[in-house]
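Working notes for the structure below.
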Amino acid sequence: MADKNQDKNQSKNRAEQAEEHDESVLNPEIKNESDLSKKERRLIEKEKLKGMGPKKKLEYIWMYYKPAIFGVIAVIALIFGIKDYYEQSKIKTVLSMTVVNSMANDTETPEQKIKETLGYKDDPYSKVEIGVNLTTDSEMAEFDYNAQMAYVAQIQAGSIDIMVMPEKLYQTLKKNEPFADLKELMGEEAFEKFGMQTDTTHISITESELEQELGVIYDPVCIAVPYSAPNQENAVKWIKSLDNRK
């Protein structure tokens with residue numbers, strides 16, 4: 001009998017202790033956190049923050065709202081990423097030029113000038129690209145190894161509209177007949193304005209202004225259009241414009 005009374009007393013003590021730690025039992029107006037509405041929780045968080053200093057507030061916000069902060073950052077990054085991708089997808093290359101043995105450090109100025117010549121001055125989604133990554137051996141008759149690999153890849157991809165190169169390199173490359181007939185593309189009259197040429201698949205000109213713009217030191221400058229050029233019409237338009245500068 002004594003044991004039963006002892007068990008009852010222990011159970012009663014445990015219940016009383018539990019009630020002491022649960023204010024919602026002592027004060028029915030105070031709810032458990034799980035029973036609070038979102039609005040009530042926000043009010044409690046607001047009251048907590050009021051009593052904290054700036055440093056404590058930052059620590060509290062970072063500790064409890066870190067997932068939400070990272071979520072917002074991720075959403076913003078995704079939005080900007082999609083926007084950038086969409087803008088980039090609208091940009092079209094209207095002329096791609098490869099200049100062999102160029103020492104130019106800045107291609108932006110000649111690119112903009114060519115863009116204006118082609119009539120795309122006010123078009124933000126059209127661009128001209130000038131590549132200066134191809135180099136030759138000391139005789140300027142052949143590409144060095146890395147340039148040869150890059151040249152083959154670009155030709156196969158059809159990403160070159162115009163090639164500007166030394167005469168000796170042209171003579172080496174033309175053996176494989178990779179270039180279009182400029183007399184046919186430009187028309188006989190326009191082609192003959194550039195004077196006597198050794199064949200119809202290139203034009204050799206001496207034009208110091210062009211050499212300076214493209215950063216080359218060889219003379220004459222040899223210009224050719226690959227068969228695989230995707231923008232042959234613009235290539236021809238630019239070549240014709242060189243006659244007006246002579």
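Letters A, B, ... mark the chains of the structure tokens in the order given; residue numbers begin at 1 per chain; ligand numbers begin at 1, in order shown.
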
Residues of region 159-179 of chain A within 10 Å of region 114-133 of chain A: nearest atom pair and distance (Å, one decimal) for each, counting only C-alpha atoms, sorted by chain and number, as JSON lines?
```
{"residue": "A:Ile160", "atom": "CA", "partner": "A:Gly131", "partner_atom": "CA", "distance": 9.1}
{"residue": "A:Asp161", "atom": "CA", "partner": "A:Glu129", "partner_atom": "CA", "distance": 9.9}
{"residue": "A:Ile162", "atom": "CA", "partner": "A:Ile130", "partner_atom": "CA", "distance": 9.5}
{"residue": "A:Met163", "atom": "CA", "partner": "A:Gly131", "partner_atom": "CA", "distance": 9.6}
```

Tell me, as a ChimeraX atom specification, which residues lie within 12 Å of Ser241 (chain A), counting only C-alpha atoms; anything in the same chain fewer than 4 positions away does not count.
/A:113-114,116-119,186,190-191,193-194,210,234-237,245-246

Quick one: everything within 10 Å of Asp219 (chain A), counting only C-alpha atoms, minus sequence neighbours fewer than 2 positions away in the same chain. Send it as a short mmCIF file (atom, residue, chain, number, x, y, z; two decimals) with C-alpha atoms, in the first residue's frame.
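Dumped to part25.cif:
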```
data_model
loop_
_atom_site.label_atom_id
_atom_site.label_comp_id
_atom_site.auth_asym_id
_atom_site.auth_seq_id
_atom_site.Cartn_x
_atom_site.Cartn_y
_atom_site.Cartn_z
CA MET A 165 46.98 36.64 -94.66
CA PRO A 166 50.46 36.92 -96.19
CA GLU A 167 50.78 36.11 -99.88
CA SER A 204 46.15 41.32 -102.97
CA ILE A 205 46.27 44.96 -102.02
CA THR A 206 48.75 47.42 -100.59
CA GLU A 207 46.86 49.61 -98.17
CA SER A 208 48.75 50.96 -95.18
CA GLU A 211 47.45 47.07 -92.32
CA VAL A 216 49.81 43.33 -89.69
CA ILE A 217 53.21 44.17 -91.16
CA VAL A 221 47.73 42.02 -97.77
CA CYS A 222 46.04 38.97 -99.25
#
```

Per DSSP on the backbone, what are the helix (DSSP H, G or I) residues of region 25-231 of chain A, as a PyMOL selection string?
chain A and resi 25-26+33-35+38-50+54-90+108-117+145-157+167-176+182-186+188-192+208-214

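Of note, CA of Leu214 (chain A) and CA of Leu95 (chain A) are spaced 14.9 Å apart.
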
Mind checking DSSP for region 124-180 of chain A and telling me the strand (DSSP E) residues as a PDB file with C-alpha atoms, in the first residue's frame?
```
ATOM      1  CA  SER A 126      24.607  42.150 -84.679  1.00  0.00           C
ATOM      2  CA  LYS A 127      28.332  41.769 -84.149  1.00  0.00           C
ATOM      3  CA  VAL A 128      31.561  41.518 -86.122  1.00  0.00           C
ATOM      4  CA  GLU A 129      34.321  39.244 -84.871  1.00  0.00           C
ATOM      5  CA  ILE A 130      38.017  39.570 -85.728  1.00  0.00           C
ATOM      6  CA  GLY A 131      40.150  36.590 -84.714  1.00  0.00           C
ATOM      7  CA  ILE A 162      37.169  36.361 -94.580  1.00  0.00           C
ATOM      8  CA  MET A 163      40.843  35.485 -94.259  1.00  0.00           C
ATOM      9  CA  VAL A 164      43.522  38.169 -94.255  1.00  0.00           C
ATOM     10  CA  MET A 165      46.984  36.635 -94.657  1.00  0.00           C
TER      11      MET A 165
END
```

Residue contacts of region 180-182 of chain A (12 Å, only C-alpha atoms) excluding same-chain residues fewer than 3 positions away, as JSON, numbers by chain:
{"A": [161, 162, 163, 174, 176, 177, 185, 186, 187, 188, 189, 190, 191, 192, 194, 197, 199, 200, 201, 202, 203, 204, 223, 224, 225, 226, 227, 228, 229, 230, 232, 233, 235, 236, 237, 239, 240]}

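Put simply, CA of Val152 (chain A) is 13.3 Å away from CA of Thr135 (chain A).
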
Given only C-alpha atoms as the counted atoms, nearest of A:Met63, A:Ala74, A:Glu213, A:Asn146 to Glu108 (chain A):
A:Glu213

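If only C-alpha atoms are the atoms counted, then among A:Leu134, A:Ile155, A:Val72, A:Leu58 the closest residue to Met103 (chain A) is A:Leu134.
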